[in-house]
>>> print(open('start34.cif').read())   # mmCIF, C-alpha atoms
data_start
loop_
_atom_site.label_atom_id
_atom_site.label_comp_id
_atom_site.auth_asym_id
_atom_site.auth_seq_id
_atom_site.Cartn_x
_atom_site.Cartn_y
_atom_site.Cartn_z
CA MET O 30 0.00 0.00 0.00
CA GLN O 31 1.37 3.40 -1.03
CA ILE O 32 0.16 6.75 0.29
CA GLY O 33 1.26 10.10 -1.16
CA LEU O 34 1.41 13.30 0.91
CA VAL O 35 0.48 16.31 -1.27
CA GLY O 36 0.34 19.97 -0.35
CA LEU O 37 1.26 23.54 -1.07
CA GLN O 38 4.62 24.76 0.17
CA HIS O 39 4.89 25.55 3.90
CA SER O 40 1.91 23.36 4.83
CA GLY O 41 3.92 21.16 7.24
CA LYS O 42 3.90 18.23 4.82
CA THR O 43 7.54 17.26 5.29
CA THR O 44 7.31 17.78 9.04
CA LEU O 45 4.44 15.27 9.04
CA PHE O 46 6.49 12.89 6.89
CA ASN O 47 9.36 13.10 9.37
CA THR O 48 6.92 12.38 12.18
CA LEU O 49 5.42 9.36 10.41
CA SER O 50 8.90 8.01 9.67
CA LYS O 51 9.91 8.70 13.30
CA ASN O 52 12.83 10.81 12.15
CA SER O 53 12.98 14.14 13.95
CA SER O 54 16.27 15.14 12.33
CA ASN O 55 15.32 15.17 8.61
CA PRO O 56 15.45 18.62 7.00
CA THR O 57 12.18 20.26 6.01
CA ALA O 58 13.62 22.12 3.04
CA VAL O 59 11.80 22.07 -0.29
CA LYS O 60 12.56 18.89 -2.27
CA GLU O 61 12.40 18.42 -6.04
CA GLU O 62 11.79 14.66 -5.85
CA ALA O 63 9.62 12.43 -3.69
CA ALA O 64 11.03 10.91 -0.51
CA VAL O 65 9.71 7.53 0.63
CA GLU O 66 9.59 5.73 3.96
CA VAL O 67 8.29 2.24 4.77
CA VAL O 68 6.30 2.52 8.02
CA LYS O 69 5.19 -0.36 10.21
CA VAL O 70 1.46 -0.39 10.93
CA PRO O 71 1.11 -0.56 14.73
CA ASP O 72 -1.40 -3.19 15.93
CA GLU O 73 -1.94 -3.94 19.61
CA ARG O 74 -3.62 -7.23 18.68
CA LEU O 75 -0.46 -8.42 16.93
CA ASN O 76 1.66 -7.31 19.89
CA HIS O 77 -0.53 -9.37 22.22
CA LEU O 78 -0.37 -12.45 19.99
CA THR O 79 3.43 -12.14 19.94
CA GLN O 80 3.49 -12.11 23.75
CA ILE O 81 1.41 -15.30 23.80
CA PHE O 82 3.26 -17.30 21.13
CA ASN O 83 6.77 -15.89 21.70
CA PRO O 84 7.81 -16.43 18.05
CA LEU O 85 11.23 -15.87 16.54
CA LYS O 86 9.93 -12.68 14.95
CA GLN O 87 6.93 -10.36 14.70
CA VAL O 88 6.04 -9.01 11.25
CA ASN O 89 3.78 -5.97 11.15
CA ALA O 90 1.92 -4.90 8.05
CA THR O 91 3.68 -1.99 6.33
CA ILE O 92 2.70 1.06 4.35
CA GLU O 93 4.89 3.14 2.00
CA ILE O 94 4.51 6.87 2.56
CA PHE O 95 5.70 9.27 -0.14
CA ASP O 96 6.54 12.88 0.63
CA LEU O 97 5.79 14.39 -2.78
CA PRO O 98 7.41 17.67 -3.88
CA GLY O 99 5.62 20.74 -2.53
CA LEU O 100 3.30 22.26 -5.14
CA LYS O 101 4.54 25.65 -6.25
CA MET O 102 2.31 28.58 -7.14
CA SER O 103 2.88 30.37 -10.44
CA ASP O 104 2.54 34.13 -10.89
CA ASP O 105 -1.08 33.71 -12.05
CA ASN O 106 -1.98 31.75 -8.87
CA LYS O 107 -2.02 28.37 -10.60
CA VAL O 108 -0.25 25.19 -9.51
CA LYS O 109 2.43 23.90 -11.84
CA ILE O 110 1.90 20.13 -12.01
CA THR O 111 5.21 18.76 -13.32
CA ASN O 112 6.14 15.36 -14.73
CA ILE O 113 8.28 14.81 -11.63
CA PHE O 114 5.19 15.29 -9.49
CA LEU O 115 3.06 12.99 -11.67
CA ASN O 116 5.74 10.30 -11.62
CA GLY O 117 5.74 10.47 -7.83
CA VAL O 118 1.94 10.26 -7.64
CA LYS O 119 1.17 7.62 -10.26
CA ASN O 120 1.76 4.50 -8.11
CA ASN O 121 0.10 5.83 -4.97
CA ASP O 122 -3.06 4.01 -3.93
CA ALA O 123 -4.37 7.09 -2.11
CA LEU O 124 -3.44 10.72 -1.58
CA PHE O 125 -3.50 12.90 1.52
CA TYR O 126 -3.86 16.64 1.05
CA ILE O 127 -1.76 18.26 3.79
CA ILE O 128 -3.45 21.57 4.50
CA ARG O 129 -2.11 24.45 6.56
CA GLY O 130 -4.27 25.51 9.50
CA PHE O 131 -1.55 27.09 11.66
CA LYS O 132 -0.47 30.71 11.80
CA ASP O 133 3.19 31.68 11.74
CA ASP O 134 4.26 35.16 10.65
CA THR O 135 7.79 33.91 9.95
CA ILE O 136 6.59 31.40 7.33
CA MET O 137 4.51 32.98 4.59
CA HIS O 138 1.61 31.02 3.12
CA PRO O 139 1.80 30.96 -0.73
CA MET O 140 -1.60 32.67 -0.84
CA GLU O 141 -0.62 35.06 1.97
CA SER O 142 -3.43 34.05 4.35
CA ILE O 143 -4.62 30.98 6.29
CA ASN O 144 -7.82 29.48 4.90
CA PRO O 145 -7.94 25.64 4.92
CA LEU O 146 -11.25 25.38 3.04
CA ARG O 147 -9.93 27.60 0.23
CA ASP O 148 -6.73 25.52 -0.01
CA ILE O 149 -8.65 22.21 -0.19
CA GLU O 150 -10.97 23.51 -2.90
CA PHE O 151 -7.99 25.00 -4.74
CA LEU O 152 -6.15 21.66 -4.86
CA GLU O 153 -9.31 19.81 -5.87
CA THR O 154 -9.89 22.29 -8.72
CA GLU O 155 -6.29 22.17 -9.94
CA PHE O 156 -6.22 18.37 -9.94
CA LEU O 157 -9.60 18.22 -11.66
CA LEU O 158 -8.38 20.60 -14.39
CA SER O 159 -5.28 18.44 -14.82
CA ASP O 160 -7.44 15.32 -15.27
CA MET O 161 -9.74 17.09 -17.72
CA ALA O 162 -6.81 18.28 -19.83
CA PHE O 163 -5.44 14.73 -19.99
CA LEU O 164 -8.83 13.17 -20.79
CA GLU O 165 -9.54 15.71 -23.55
CA SER O 166 -6.13 15.10 -25.10
CA ARG O 167 -6.51 11.32 -24.83
CA LEU O 168 -10.00 11.38 -26.34
CA GLU O 169 -8.85 13.44 -29.32
CA LYS O 170 -5.97 11.02 -29.93
CA LEU O 171 -8.23 7.94 -29.68
CA LYS O 172 -10.77 9.36 -32.14
CA LYS O 173 -7.99 9.82 -34.69
CA GLU O 174 -6.58 6.33 -34.07
CA VAL O 175 -9.94 4.56 -34.33
CA LEU O 176 -10.30 5.75 -37.96
CA LYS O 177 -7.14 3.92 -39.06
CA SER O 178 -6.97 1.03 -36.58
CA LYS O 179 -9.00 -2.12 -35.98
CA ASP O 180 -7.83 -2.39 -32.37
CA GLU O 181 -10.91 -3.26 -30.30
CA LYS O 182 -9.27 -1.87 -27.16
CA ILE O 183 -9.45 1.65 -28.62
CA LYS O 184 -13.16 1.28 -29.32
CA LYS O 185 -13.75 0.12 -25.74
CA GLU O 186 -11.66 2.92 -24.24
CA ILE O 187 -13.41 5.85 -25.97
CA PRO O 188 -16.75 5.55 -24.07
CA VAL O 189 -14.86 5.18 -20.76
CA ILE O 190 -12.86 8.35 -21.41
CA GLU O 191 -16.06 10.16 -22.45
CA LYS O 192 -17.83 8.98 -19.29
CA CYS O 193 -14.97 10.28 -17.10
CA LEU O 194 -14.74 13.58 -18.95
CA PHE O 195 -18.49 14.18 -18.59
CA HIS O 196 -18.17 13.51 -14.83
CA CYS O 197 -15.27 15.97 -14.49
CA GLU O 198 -17.19 18.63 -16.43
CA LYS O 199 -19.79 18.49 -13.64
CA GLU O 200 -16.93 19.53 -11.31
CA LEU O 201 -16.90 16.14 -9.60
CA PRO O 202 -13.67 14.22 -8.81
CA LEU O 203 -13.29 10.83 -10.47
CA ARG O 204 -13.18 9.05 -7.11
CA THR O 205 -16.95 9.69 -6.94
CA ILE O 206 -17.76 7.98 -10.26
CA HIS O 207 -18.77 4.32 -10.51
CA LEU O 208 -16.39 2.34 -12.71
CA ASP O 209 -16.45 -1.43 -13.09
CA GLU O 210 -13.30 -3.59 -13.09
CA ASN O 211 -12.89 -3.47 -16.87
CA GLU O 212 -13.22 0.32 -16.95
CA LEU O 213 -10.72 0.71 -14.11
CA LYS O 214 -8.30 -1.58 -15.94
CA LEU O 215 -8.50 0.60 -19.07
CA LEU O 216 -7.61 3.67 -16.97
CA SER O 217 -4.98 2.04 -14.75
CA GLY O 218 -2.00 3.17 -16.79
CA TYR O 219 -2.92 6.86 -16.66
CA GLN O 220 -1.86 9.46 -14.13
CA LEU O 221 -5.33 10.65 -13.17
CA LEU O 222 -5.20 12.52 -9.89
CA THR O 223 -8.82 12.71 -8.72
CA ILE O 224 -9.46 9.00 -9.26
CA LYS O 225 -7.33 8.17 -6.22
CA GLN O 226 -8.97 7.83 -2.83
CA LEU O 227 -8.44 10.94 -0.71
CA GLY O 228 -7.72 11.83 2.88
CA ILE O 229 -7.32 15.42 4.05
CA ALA O 230 -5.07 16.20 7.03
CA ILE O 231 -5.17 19.76 8.40
CA ASN O 232 -2.10 20.92 10.29
CA TYR O 233 -2.96 23.03 13.36
CA ASP O 234 -0.87 24.62 16.09
CA GLU O 235 -1.28 24.01 19.83
CA ASP O 236 -3.34 27.21 20.28
CA SER O 237 -6.10 25.73 18.07
CA ILE O 238 -6.64 22.44 19.94
CA SER O 239 -9.88 23.60 21.59
CA THR O 240 -11.48 24.73 18.29
CA VAL O 241 -10.35 21.92 16.00
CA ASP O 242 -13.41 19.67 16.31
CA GLY O 243 -15.75 22.49 15.28
CA ASP O 244 -13.57 23.37 12.30
CA ILE O 245 -13.42 19.79 11.06
CA ALA O 246 -17.21 19.36 11.35
CA GLN O 247 -17.68 22.54 9.30
CA PHE O 248 -15.27 21.40 6.57
CA LYS O 249 -16.91 17.96 6.34
CA SER O 250 -20.33 19.50 5.72
CA LYS O 251 -18.97 21.81 3.01
CA LEU O 252 -16.88 19.16 1.26
CA GLU O 253 -19.40 16.32 1.11
CA LYS O 254 -19.16 15.91 -2.65
CA SER O 255 -15.39 15.33 -2.50
CA ASN O 256 -15.87 11.93 -0.81
CA ALA O 257 -12.82 12.54 1.40
CA THR O 258 -12.07 11.81 5.06
CA ILE O 259 -10.83 14.85 7.00
CA ILE O 260 -8.61 14.64 10.10
CA PRO O 261 -6.65 17.19 12.17
CA PHE O 262 -3.04 16.85 13.33
CA PHE O 263 -0.45 18.96 15.12
CA ALA O 264 2.86 18.67 13.27
CA LYS O 265 5.09 20.62 15.66
CA ILE O 266 3.77 18.83 18.74
CA GLU O 267 4.12 15.43 17.11
CA LEU O 268 7.66 16.15 15.98
CA GLU O 269 8.49 16.75 19.65
CA LEU O 270 6.90 13.37 20.45
CA CYS O 271 9.41 11.66 18.13
CA ARG O 272 12.19 12.61 20.53
CA MET O 273 10.47 11.10 23.60
CA SER O 274 10.11 7.67 25.15
CA GLU O 275 6.69 5.97 24.83
CA GLU O 276 5.95 6.71 28.48
CA ASP O 277 6.77 10.40 28.10
CA GLN O 278 4.75 10.54 24.86
CA SER O 279 1.64 9.33 26.68
CA VAL O 280 2.00 12.02 29.38
CA PHE O 281 2.77 14.74 26.82
CA MET O 282 -0.28 13.88 24.67
CA LYS O 283 -2.51 13.80 27.73
CA ASP O 284 -1.30 17.26 28.78
CA TYR O 285 -2.24 18.64 25.36
CA GLY O 286 -5.54 16.75 25.18
CA ILE O 287 -4.45 14.74 22.13
CA ASN O 288 -5.95 11.25 22.16
CA GLU O 289 -4.37 9.78 19.05
CA SER O 290 -1.13 10.30 17.14
CA ALA O 291 -0.96 11.53 13.56
CA LEU O 292 0.55 8.19 12.52
CA SER O 293 -2.41 6.29 13.94
CA LYS O 294 -4.92 8.68 12.31
CA ILE O 295 -3.22 8.55 8.91
CA LEU O 296 -2.99 4.74 8.94
CA LYS O 297 -6.58 4.22 10.12
CA THR O 298 -7.87 6.66 7.52
CA SER O 299 -5.77 4.99 4.80
CA TYR O 300 -7.24 1.58 5.63
CA GLN O 301 -10.73 3.09 5.74
CA ILE O 302 -10.65 4.93 2.41
CA LEU O 303 -8.98 2.02 0.62
CA GLY O 304 -11.38 -0.55 2.11
CA LEU O 305 -8.66 -2.61 3.82
CA HIS O 306 -8.33 -4.62 7.00
CA SER O 307 -6.02 -7.22 8.58
CA PHE O 308 -5.89 -10.89 9.44
CA PHE O 309 -3.18 -12.76 11.37
CA THR O 310 -1.09 -15.89 11.12
CA VAL O 311 0.61 -17.13 14.28
CA GLY O 312 3.15 -19.76 15.32
CA GLU O 313 6.60 -20.44 16.76
CA ASP O 314 8.41 -18.96 13.74
CA GLU O 315 6.48 -15.72 13.41
CA CYS O 316 3.33 -13.79 14.21
CA ARG O 317 2.34 -11.69 11.20
CA ALA O 318 -0.36 -9.21 10.18
CA TRP O 319 -1.55 -9.38 6.57
CA THR O 320 -3.40 -6.56 4.82
CA ILE O 321 -6.28 -7.50 2.51
CA LYS O 322 -9.28 -5.82 0.93
CA LYS O 323 -12.57 -6.12 2.77
CA ASN O 324 -14.76 -8.92 1.40
CA TYR O 325 -11.74 -11.02 0.43
CA THR O 326 -12.52 -14.72 0.57
CA ALA O 327 -10.41 -17.21 2.52
CA GLN O 328 -8.89 -18.41 -0.75
CA GLN O 329 -7.97 -14.84 -1.80
CA ALA O 330 -6.45 -14.18 1.65
CA ALA O 331 -4.46 -17.41 1.31
CA GLY O 332 -3.13 -16.11 -2.02
CA VAL O 333 -1.78 -13.02 -0.28
CA ILE O 334 0.39 -15.30 1.85
CA HIS O 335 1.59 -17.39 -1.12
CA THR O 336 0.35 -18.04 -4.66
CA ASP O 337 0.49 -21.80 -4.04
CA PHE O 338 -1.88 -21.39 -1.09
CA PHE O 339 -4.47 -19.92 -3.47
CA ASN O 340 -4.03 -22.57 -6.15
CA LYS O 341 -3.93 -25.53 -3.72
CA PHE O 342 -6.38 -24.20 -1.11
CA ILE O 343 -8.39 -26.83 0.80
CA ARG O 344 -9.71 -25.23 3.99
CA ALA O 345 -8.94 -22.40 6.40
CA GLU O 346 -8.84 -22.94 10.14
CA ALA O 347 -10.30 -19.69 11.50
CA VAL O 348 -10.85 -18.11 14.90
CA HIS O 349 -11.38 -14.43 15.59
CA TYR O 350 -8.79 -12.61 17.72
CA ASP O 351 -11.45 -11.58 20.27
CA ASP O 352 -12.57 -15.20 20.72
CA PHE O 353 -8.98 -16.40 21.02
CA VAL O 354 -8.22 -13.84 23.74
CA LYS O 355 -11.48 -14.65 25.51
CA HIS O 356 -10.88 -18.43 25.62
CA GLY O 357 -7.06 -18.39 25.86
CA SER O 358 -6.06 -21.19 23.45
CA PHE O 359 -7.02 -22.89 20.22
CA ASN O 360 -8.16 -26.02 22.07
CA LYS O 361 -10.49 -24.03 24.31
CA CYS O 362 -11.80 -22.17 21.24
CA LYS O 363 -12.62 -25.56 19.70
CA GLU O 364 -14.44 -26.63 22.86
CA ALA O 365 -16.45 -23.38 22.83
CA GLY O 366 -17.28 -23.68 19.12
CA ALA O 367 -15.33 -20.50 18.24
CA TRP O 368 -12.76 -22.38 16.13
CA ARG O 369 -14.04 -23.20 12.66
CA LEU O 370 -13.12 -24.89 9.39
CA GLU O 371 -14.05 -22.56 6.53
CA GLY O 372 -14.20 -23.11 2.78
CA LYS O 373 -12.83 -21.00 -0.06
CA GLU O 374 -15.87 -18.66 -0.15
CA TYR O 375 -15.66 -17.65 3.52
CA ILE O 376 -15.36 -13.84 3.87
CA VAL O 377 -12.38 -13.05 6.09
CA LYS O 378 -13.14 -10.64 8.93
CA ASP O 379 -10.87 -8.00 10.40
CA GLY O 380 -8.95 -9.68 13.21
CA ASP O 381 -9.35 -13.29 12.06
CA ILE O 382 -6.51 -15.66 12.87
CA LEU O 383 -6.11 -18.09 9.95
CA ASN O 384 -4.23 -21.31 9.35
CA ILE O 385 -4.41 -22.34 5.69
CA ARG O 386 -4.71 -26.00 4.78
CA HIS O 387 -3.46 -26.71 1.28
CA SER O 388 -2.46 -29.69 -0.82
#
>>> encode(input="start34.cif", output="structure tokens")
Amino acid sequence: MQIGLVGLQHSGKTTLFNTLSKNSSNPTAVKEEAAVEVVKVPDERLNHLTQIFNPLKQVNATIEIFDLPGLKMSDDNKVKITNIFLNGVKNNDALFYIIRGFKDDTIMHPMESINPLRDIEFLETEFLLSDMAFLESRLEKLKKEVLKSKDEKIKKEIPVIEKCLFHCEKELPLRTIHLDENELKLLSGYQLLTIKQLGIAINYDEDSISTVDGDIAQFKSKLEKSNATIIPFFAKIELELCRMSEEDQSVFMKDYGINESALSKILKTSYQILGLHSFFTVGEDECRAWTIKKNYTAQQAAGVIHTDFFNKFIRAEAVHYDDFVKHGSFNKCKEAGAWRLEGKEYIVKDGDILNIRHS
């Protein structure tokens, strides 16, 4: 899973990236290319299973976070979307707009004032215009090619491009359009920006903690059509947390009235907007969390572990984490009827512990 952090300059985007990567010493200067960090997804359930089974290793799920180059404003108040930026974005599964909500007279906002709603709508508009320009160009090219080619793929692609362009002309991002698997496959090679799932993270300072909830509620009501999840975070405070022990972090967050870290919020939101959840495998060698799409069958989940497990799937031994913790062992789960043998069509639930039987 790959998540791209996108924002105007001086939004706190790189500070957030440094926080997520637990590196408080990285510079926050403007970069011309994307930086990437592989982050472990914290999971208290996996930690507890590791304490019980005492394996040789614990393997958390991971997420790749890209700090994309800060978007620069041109003289006519437009964003210059470069090929470098598009190359950094194209493989991301989802984007996070990092929006400035803090005031600091020593760091000038590119638009010279603090207005998170304006900045969100500005980025949405710029990305929508970028998609429309690409779709219009692609459609024109396809209509010329179809006159001299018998390629059926071209004929199939034209109505999909037209459908997307019509949607964009209604000022709606492509993440809000319904596309089937074949249509998505036709578009998969393109660098469309608004087709990616979106989270919005607004960077506040410590003086705004008491008013944040009201602000977020207001933004959610005004941005309903964007189909985005909006969360607040406090970049400067969280960068300080990177330098502390876990015990000190807990006290520090409590003092500021912060219940959840930015890392936790970003990861939870990423799983939510991408429709993902986790199952576990356990044993003496390792305890591991696996990330799958919701509604994956047991056979599909087995394929995530190993291709052979998909092809040679027989049954899945399944017990939910909550039941395992409640009863204390697999044998007691069997006695209580919480341990089950499931077939290939079983829908894996978040928190299932699976053991795959295969030929």
>>> resolve_selection(input="start34.cif", expression="the PyMOL selection byres ((chain O and resi 151) around 12)", output="list in words")
Gly36, Leu37, Leu100, Met102, Asn106, Lys107, Val108, Tyr126, Ile128, Met140, Asn144, Pro145, Leu146, Arg147, Asp148, Ile149, Glu150, Leu152, Glu153, Thr154, Glu155, Phe156, Leu157 and Leu158 of chain O
>>> resolve_selection(input="start34.cif", expression="the PyMOL selection byres ((chain O and resi 79-90) around 8)", output="list of chain:residue names")
O:Lys69, O:Val70, O:Pro71, O:Asp72, O:Leu75, O:Asn76, O:His77, O:Leu78, O:Thr91, O:Ile92, O:Val311, O:Gly312, O:Glu313, O:Asp314, O:Glu315, O:Cys316, O:Arg317, O:Ala318, O:Trp319, O:Thr320
>>> resolve_selection(input="start34.cif", expression="the PyMOL selection byres ((chain O and resi 210-224) around 8)", output="PyMOL selection string")
chain O and resi 115+118-119+153+156-157+159-160+163+186+189+202-205+208-209+225-226
>>> atom_distance(input="start34.cif", atom1="atom CA of O:Lys185", atom2="atom CA of O:Asp122")
24.6 Å
>>> atom_distance(input="start34.cif", atom1="atom CA of O:Asp236", atom2="atom CA of O:Phe95")
28.6 Å
>>> atom_distance(input="start34.cif", atom1="atom CA of O:Tyr300", atom2="atom CA of O:Phe248")
21.4 Å
>>> residues_around(input="start34.cif", residues="O:Ile343", least_positions_apart="4", cutoff="7 Å", atoms="all atoms listed in the file", output="MDAnalysis selection string")
chainID O and resid 386:388
>>> residues_near_point(input="start34.cif", point="(-12.9, -24.8, 10.4)", cutoff="6 Å", atoms="all atoms listed in the file", output="tab-separated table (two decimals) with C-alpha atoms, in the frame of the given file")
chain	number	residue	atom	x	y	z
O	346	GLU	CA	-8.84	-22.94	10.14
O	347	ALA	CA	-10.30	-19.69	11.50
O	369	ARG	CA	-14.04	-23.20	12.66
O	370	LEU	CA	-13.12	-24.89	9.39
O	371	GLU	CA	-14.05	-22.56	6.53
>>> axis_aligned_box(input="start34.cif", around="stretch 167-182 of chain O", padding_each_side="6 Å", output="lines of an AutoDock Vina configuration file")
center_x = -8.4
center_y = 5.1
center_z = -31.9
size_x = 16.9
size_y = 28.7
size_z = 26.2
